[in-house]
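Colleague: Handing you this structure, nothing more for now.
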Amino acid sequence: MTRSITILALAGASLLAACSTTGPMRTAPAAPAQAGGGSWAYVAANRAETAKLAYGIAGTDAVGLMFQCALPQVRLIFFPPEGEPVAKAAHMASGKAKGSYPLSAPKADGGYPALEARLAAADPVLNSFAATGQLTLSIGRDTRNLDTRAERERAAVRAFRGACAGPKSP
């Protein structure tokens with residue numbers, strides 16, 4: 001029983017770190033990736049939430065973007081830097097796979113400015129990201145190379161794909 005409570009407490013702490021309720025990352029475009037401050041973290045699904053893959057500053061609750069499993073889709077939630085004009089689409093590339101995804105404001109996300117795109121869970125860009133560890137995301141004037149640098153980040157991306165793979169693409 002004590003072990004179950006400890007595991008639940010650790011899972012809750014991880015969820016809080018990956019899904020900030022104290023505000024989005026407020027930095028200049030691409031700064032976390034270029035400065036080496038950003039990293040990927042996986043949060044497994046629990047009774048209240050689906051699986052998530054978040055990119056933010058390690059050791060803080062600052063999350064810049066997040067993929068959330070919503071089978072048969074994946075939600076991309078992006079917290080734009082302050083002062084950025086609202087973009088109409090997110091563009092992602094990984095390896096040879098590329099995609100453009102319309103952006104909209106989500107119904108509710110804690111009151112913080114956010115943009116959301118929905119893509120198929122079996123999207124080729126997500127599959128390539130899991131295979132290569134390479135991802136470039138462009139939203140408006142903000143372009144980020146969000147490649148995985150550490151094996152633990154690659155493992156986080158693979159874990160998310162395993163939890164939210166969706167049907168195989170033809």
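Residue numbers start at 1 in each chain; chains themselves are named A, B, ... in the order of the structure tokens; ligands are numbered from 1 in the order shown.
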For range 63-67 of chain A, work out the shell of residues within 6 Å, counting only C-alpha atoms and skipping chain neighbours fewer than 6 positions away, then give it as a VMD selection string.

Modeller: chain A and resid 24 to 25 52 to 56 75 to 79

Colleague: Which polymer residues have any atom within 12 Å of an atom of Gln68 in chain A, counting only C-alpha atoms, with same-chain residues fewer than 5 positions away left out, as a short mmCIF file (atom, residue, chain, number, x, y, z; two decimals) with C-alpha atoms, in the first residue's frame?

Modeller:
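Result file is out-v5.cif:
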data_model
loop_
_atom_site.label_atom_id
_atom_site.label_comp_id
_atom_site.auth_asym_id
_atom_site.auth_seq_id
_atom_site.Cartn_x
_atom_site.Cartn_y
_atom_site.Cartn_z
CA ALA A 18 5.17 18.42 -17.45
CA CYS A 19 1.84 20.26 -17.37
CA ALA A 41 9.81 14.45 -20.71
CA TYR A 42 7.18 11.72 -20.93
CA VAL A 43 4.23 11.54 -18.55
CA ALA A 44 2.36 8.24 -18.63
CA ALA A 45 -1.42 8.17 -18.72
CA GLU A 49 -5.08 12.31 -17.99
CA THR A 50 -3.87 10.75 -21.22
CA ALA A 51 -0.17 10.24 -22.06
CA LYS A 52 1.87 13.41 -22.69
CA LEU A 53 5.23 14.35 -24.13
CA ALA A 54 6.33 17.80 -22.99
CA TYR A 55 9.24 20.02 -24.01
CA GLN A 73 -5.37 12.05 -32.79
CA VAL A 74 -2.54 13.80 -30.99
CA ARG A 75 -2.95 17.35 -29.68
CA LEU A 76 0.02 19.69 -30.10
CA ILE A 77 -0.31 22.46 -27.53
CA PHE A 78 2.08 25.39 -27.97
CA GLU A 116 -3.48 23.90 -30.48
CA ALA A 117 -3.10 21.72 -33.57
CA ARG A 118 -4.49 18.24 -34.03
CA LEU A 119 -2.76 15.58 -36.08
CA ALA A 120 -3.35 11.92 -36.73
CA ALA A 121 -1.77 9.66 -34.11
CA VAL A 157 9.73 10.07 -27.21
CA PHE A 160 5.00 8.39 -25.92
CA ARG A 161 4.81 6.81 -29.37
CA ALA A 163 1.44 4.77 -25.63
CA CYS A 164 -0.13 6.83 -28.41
CA ALA A 165 0.77 5.17 -31.70
#

Colleague: When DSSP is applied to the backbone of this structure, which of range 72-115 of chain A are assigned strand (DSSP E or B)? Write them out as a list in words.

Modeller: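 DSSP on the backbone gives strand (DSSP E or B) at Gln73, Val74, Arg75, Leu76, Ile77, Phe78, Ala89, Ala90, His91, Met92, Ala93, Ser94, Ala97, Lys98, Gly99, Ser100, Tyr101, Pro102, Ser104 and Leu115 of chain A.
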
Colleague: Between A:Asp142, A:Asp147, A:Glu82, A:Glu153, which residue has the minimum interatomic distance to Gly95 in chain A, considering only C-alpha atoms?

Modeller: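 That would be A:Asp147, the residue with the smallest distance to Gly95 in chain A.
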
Colleague: CA of Ala130 in chain A and CA of Leu115 in chain A, how far apart in Å?

Modeller: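 Rounded to one decimal, the two atoms are 22.9 Å apart.
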
Colleague: Can you tell me, as a list in words, what residues are no more than 12 Å from range 96-100 of chain A when counting only C-alpha atoms, ignoring any on the same chain fewer than 4 positions away?

Modeller: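 Once the adjacent positions are removed, what remains is Leu76, Ala87, Lys88, Ala89, Ala90, His91, Met92, Ala117, Arg118, Leu119, Ala120, Asp123, Pro124, Val125, Leu126, Asn127, Ser128, Phe129, Ala130, Ala131, Thr132, Gln134, Leu135, Thr136, Leu137, Ser138, Ile139 and Gly140 of chain A.
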
Colleague: Write the selection just made, keeping N, CA and C atoms, as a PDB file, in the first residue's frame?

Modeller:
ATOM      1  N   LEU A  76      -1.200  18.912 -30.298  1.00  0.00           N
ATOM      2  CA  LEU A  76       0.024  19.690 -30.104  1.00  0.00           C
ATOM      3  C   LEU A  76      -0.412  20.981 -29.454  1.00  0.00           C
ATOM      4  N   ALA A  87      -0.199  32.780 -34.800  1.00  0.00           N
ATOM      5  CA  ALA A  87       0.106  32.059 -36.038  1.00  0.00           C
ATOM      6  C   ALA A  87      -1.106  31.252 -36.474  1.00  0.00           C
ATOM      7  N   LYS A  88      -1.191  30.975 -37.765  1.00  0.00           N
ATOM      8  CA  LYS A  88      -2.318  30.215 -38.308  1.00  0.00           C
ATOM      9  C   LYS A  88      -2.016  28.738 -38.456  1.00  0.00           C
ATOM     10  N   ALA A  89      -0.705  28.368 -38.479  1.00  0.00           N
ATOM     11  CA  ALA A  89      -0.358  26.959 -38.680  1.00  0.00           C
ATOM     12  C   ALA A  89       0.962  26.631 -38.002  1.00  0.00           C
ATOM     13  N   ALA A  90       1.103  25.360 -37.648  1.00  0.00           N
ATOM     14  CA  ALA A  90       2.371  24.816 -37.145  1.00  0.00           C
ATOM     15  C   ALA A  90       2.946  23.970 -38.275  1.00  0.00           C
ATOM     16  N   HIS A  91       4.243  24.085 -38.486  1.00  0.00           N
ATOM     17  CA  HIS A  91       4.935  23.304 -39.505  1.00  0.00           C
ATOM     18  C   HIS A  91       5.974  22.462 -38.786  1.00  0.00           C
ATOM     19  N   MET A  92       5.928  21.142 -39.035  1.00  0.00           N
ATOM     20  CA  MET A  92       6.891  20.244 -38.405  1.00  0.00           C
ATOM     21  C   MET A  92       7.597  19.436 -39.475  1.00  0.00           C
ATOM     22  N   ALA A 117      -2.937  22.386 -32.274  1.00  0.00           N
ATOM     23  CA  ALA A 117      -3.105  21.724 -33.568  1.00  0.00           C
ATOM     24  C   ALA A 117      -3.439  20.270 -33.283  1.00  0.00           C
ATOM     25  N   ARG A 118      -4.175  19.672 -34.172  1.00  0.00           N
ATOM     26  CA  ARG A 118      -4.488  18.237 -34.035  1.00  0.00           C
ATOM     27  C   ARG A 118      -3.938  17.523 -35.256  1.00  0.00           C
ATOM     28  N   LEU A 119      -3.295  16.385 -34.999  1.00  0.00           N
ATOM     29  CA  LEU A 119      -2.762  15.582 -36.084  1.00  0.00           C
ATOM     30  C   LEU A 119      -3.074  14.129 -35.816  1.00  0.00           C
ATOM     31  N   ALA A 120      -3.062  13.337 -36.864  1.00  0.00           N
ATOM     32  CA  ALA A 120      -3.354  11.916 -36.725  1.00  0.00           C
ATOM     33  C   ALA A 120      -2.300  11.270 -35.834  1.00  0.00           C
ATOM     34  N   ASP A 123       0.666   9.982 -37.648  1.00  0.00           N
ATOM     35  CA  ASP A 123       1.283  10.978 -38.524  1.00  0.00           C
ATOM     36  C   ASP A 123       2.746  10.610 -38.824  1.00  0.00           C
ATOM     37  N   PRO A 124       3.164  10.698 -40.087  1.00  0.00           N
ATOM     38  CA  PRO A 124       4.544  10.362 -40.453  1.00  0.00           C
ATOM     39  C   PRO A 124       5.601  11.205 -39.735  1.00  0.00           C
ATOM     40  N   VAL A 125       5.297  12.466 -39.424  1.00  0.00           N
ATOM     41  CA  VAL A 125       6.275  13.300 -38.713  1.00  0.00           C
ATOM     42  C   VAL A 125       6.513  12.746 -37.305  1.00  0.00           C
ATOM     43  N   LEU A 126       5.450  12.354 -36.617  1.00  0.00           N
ATOM     44  CA  LEU A 126       5.609  11.781 -35.277  1.00  0.00           C
ATOM     45  C   LEU A 126       6.360  10.454 -35.332  1.00  0.00           C
ATOM     46  N   ASN A 127       6.058   9.638 -36.340  1.00  0.00           N
ATOM     47  CA  ASN A 127       6.767   8.369 -36.480  1.00  0.00           C
ATOM     48  C   ASN A 127       8.250   8.587 -36.746  1.00  0.00           C
ATOM     49  N   SER A 128       8.576   9.555 -37.603  1.00  0.00           N
ATOM     50  CA  SER A 128       9.975   9.849 -37.906  1.00  0.00           C
ATOM     51  C   SER A 128      10.680  10.417 -36.679  1.00  0.00           C
ATOM     52  N   PHE A 129       9.999  11.268 -35.927  1.00  0.00           N
ATOM     53  CA  PHE A 129      10.573  11.826 -34.695  1.00  0.00           C
ATOM     54  C   PHE A 129      10.938  10.711 -33.722  1.00  0.00           C
ATOM     55  N   ALA A 130      10.053   9.739 -33.562  1.00  0.00           N
ATOM     56  CA  ALA A 130      10.339   8.625 -32.660  1.00  0.00           C
ATOM     57  C   ALA A 130      11.517   7.798 -33.165  1.00  0.00           C
ATOM     58  N   ALA A 131      11.638   7.661 -34.485  1.00  0.00           N
ATOM     59  CA  ALA A 131      12.706   6.847 -35.062  1.00  0.00           C
ATOM     60  C   ALA A 131      14.055   7.561 -35.080  1.00  0.00           C
ATOM     61  N   THR A 132      14.044   8.882 -35.353  1.00  0.00           N
ATOM     62  CA  THR A 132      15.306   9.613 -35.551  1.00  0.00           C
ATOM     63  C   THR A 132      15.710  10.503 -34.385  1.00  0.00           C
ATOM     64  N   GLN A 134      14.843  13.551 -34.298  1.00  0.00           N
ATOM     65  CA  GLN A 134      14.953  14.883 -34.897  1.00  0.00           C
ATOM     66  C   GLN A 134      13.567  15.492 -35.088  1.00  0.00           C
ATOM     67  N   LEU A 135      13.426  16.763 -34.692  1.00  0.00           N
ATOM     68  CA  LEU A 135      12.158  17.465 -34.904  1.00  0.00           C
ATOM     69  C   LEU A 135      12.429  18.952 -35.022  1.00  0.00           C
ATOM     70  N   THR A 136      11.904  19.548 -36.078  1.00  0.00           N
ATOM     71  CA  THR A 136      11.928  20.993 -36.243  1.00  0.00           C
ATOM     72  C   THR A 136      10.484  21.461 -36.235  1.00  0.00           C
ATOM     73  N   LEU A 137      10.198  22.443 -35.405  1.00  0.00           N
ATOM     74  CA  LEU A 137       8.856  22.994 -35.280  1.00  0.00           C
ATOM     75  C   LEU A 137       8.919  24.478 -35.592  1.00  0.00           C
ATOM     76  N   SER A 138       8.077  24.919 -36.533  1.00  0.00           N
ATOM     77  CA  SER A 138       7.985  26.340 -36.883  1.00  0.00           C
ATOM     78  C   SER A 138       6.553  26.791 -36.675  1.00  0.00           C
ATOM     79  N   ILE A 139       6.408  27.817 -35.850  1.00  0.00           N
ATOM     80  CA  ILE A 139       5.102  28.428 -35.619  1.00  0.00           C
ATOM     81  C   ILE A 139       5.330  29.927 -35.693  1.00  0.00           C
ATOM     82  N   GLY A 140       4.746  30.567 -36.705  1.00  0.00           N
ATOM     83  CA  GLY A 140       4.977  31.995 -36.905  1.00  0.00           C
ATOM     84  C   GLY A 140       6.458  32.263 -37.118  1.00  0.00           C
TER      85      GLY A 140
END

Colleague: Please, what distance in Å, to one decimal, runs between CA of Ala93 in chain A and CA of Ser39 in chain A?

Modeller: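 So the two atoms, CA of Ala93 in chain A and CA of Ser39 in chain A, lie 17.8 Å apart.
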
Colleague: What gap, in Å, lies between CA of Ala155 in chain A and CA of Asp61 in chain A?

Modeller: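 CA of Ala155 in chain A sits 20.3 Å away from CA of Asp61 in chain A.
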
Colleague: Go through A:Pro106, A:Pro80, A:Gly133, A:Gly162 and flag the residue nearest Ala150 in chain A, using only C-alpha atoms for the distances.

Modeller: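 Nearest candidate to Ala150 in chain A out of A:Pro106, A:Pro80, A:Gly133, A:Gly162: A:Gly133.
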
Colleague: Taking the DSSP assignment computed from this structure's backbone, write out as a list of chain:residue names all residues of range 74-160 of chain A that belong to helix (DSSP H, G or I).

Modeller: A:Pro124, A:Val125, A:Leu126, A:Asn127, A:Ser128, A:Phe129, A:Ala130, A:Ala131, A:Thr132, A:Glu151, A:Arg152, A:Glu153, A:Arg154, A:Ala155, A:Ala156, A:Val157, A:Arg158, A:Ala159, A:Phe160

Colleague: So that I have them on file, write out the residues from the current selection with C-alpha atoms, as a short mmCIF file (atom, residue, chain, number, x, y, z; two decimals), in the first residue's frame.

Modeller:
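Output file part_32.cif is given in full below:
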data_model
loop_
_atom_site.label_atom_id
_atom_site.label_comp_id
_atom_site.auth_asym_id
_atom_site.auth_seq_id
_atom_site.Cartn_x
_atom_site.Cartn_y
_atom_site.Cartn_z
CA PRO A 124 4.54 10.36 -40.45
CA VAL A 125 6.28 13.30 -38.71
CA LEU A 126 5.61 11.78 -35.28
CA ASN A 127 6.77 8.37 -36.48
CA SER A 128 9.98 9.85 -37.91
CA PHE A 129 10.57 11.83 -34.70
CA ALA A 130 10.34 8.63 -32.66
CA ALA A 131 12.71 6.85 -35.06
CA THR A 132 15.31 9.61 -35.55
CA GLU A 151 19.14 8.84 -24.41
CA ARG A 152 16.54 9.55 -21.69
CA GLU A 153 14.88 12.03 -24.07
CA ARG A 154 14.88 9.48 -26.91
CA ALA A 155 13.35 6.98 -24.48
CA ALA A 156 10.67 9.56 -23.55
CA VAL A 157 9.73 10.07 -27.21
CA ARG A 158 9.62 6.31 -27.86
CA ALA A 159 7.50 5.77 -24.73
CA PHE A 160 5.00 8.39 -25.92
#

Colleague: Which is closest to Glu84 in chain A among A:Ala114, A:Arg144, A:Ser104, A:Asn46, if we use only C-alpha atoms?

Modeller: A:Ala114

Colleague: Compare A:Tyr101, A:Trp40, A:Arg141, A:Gly166 by their minimum atom-to-atom distance to Ala62 in chain A, counting only C-alpha atoms, and give me the closest one.

Modeller: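 Smallest distance to Ala62 in chain A is found for A:Trp40.
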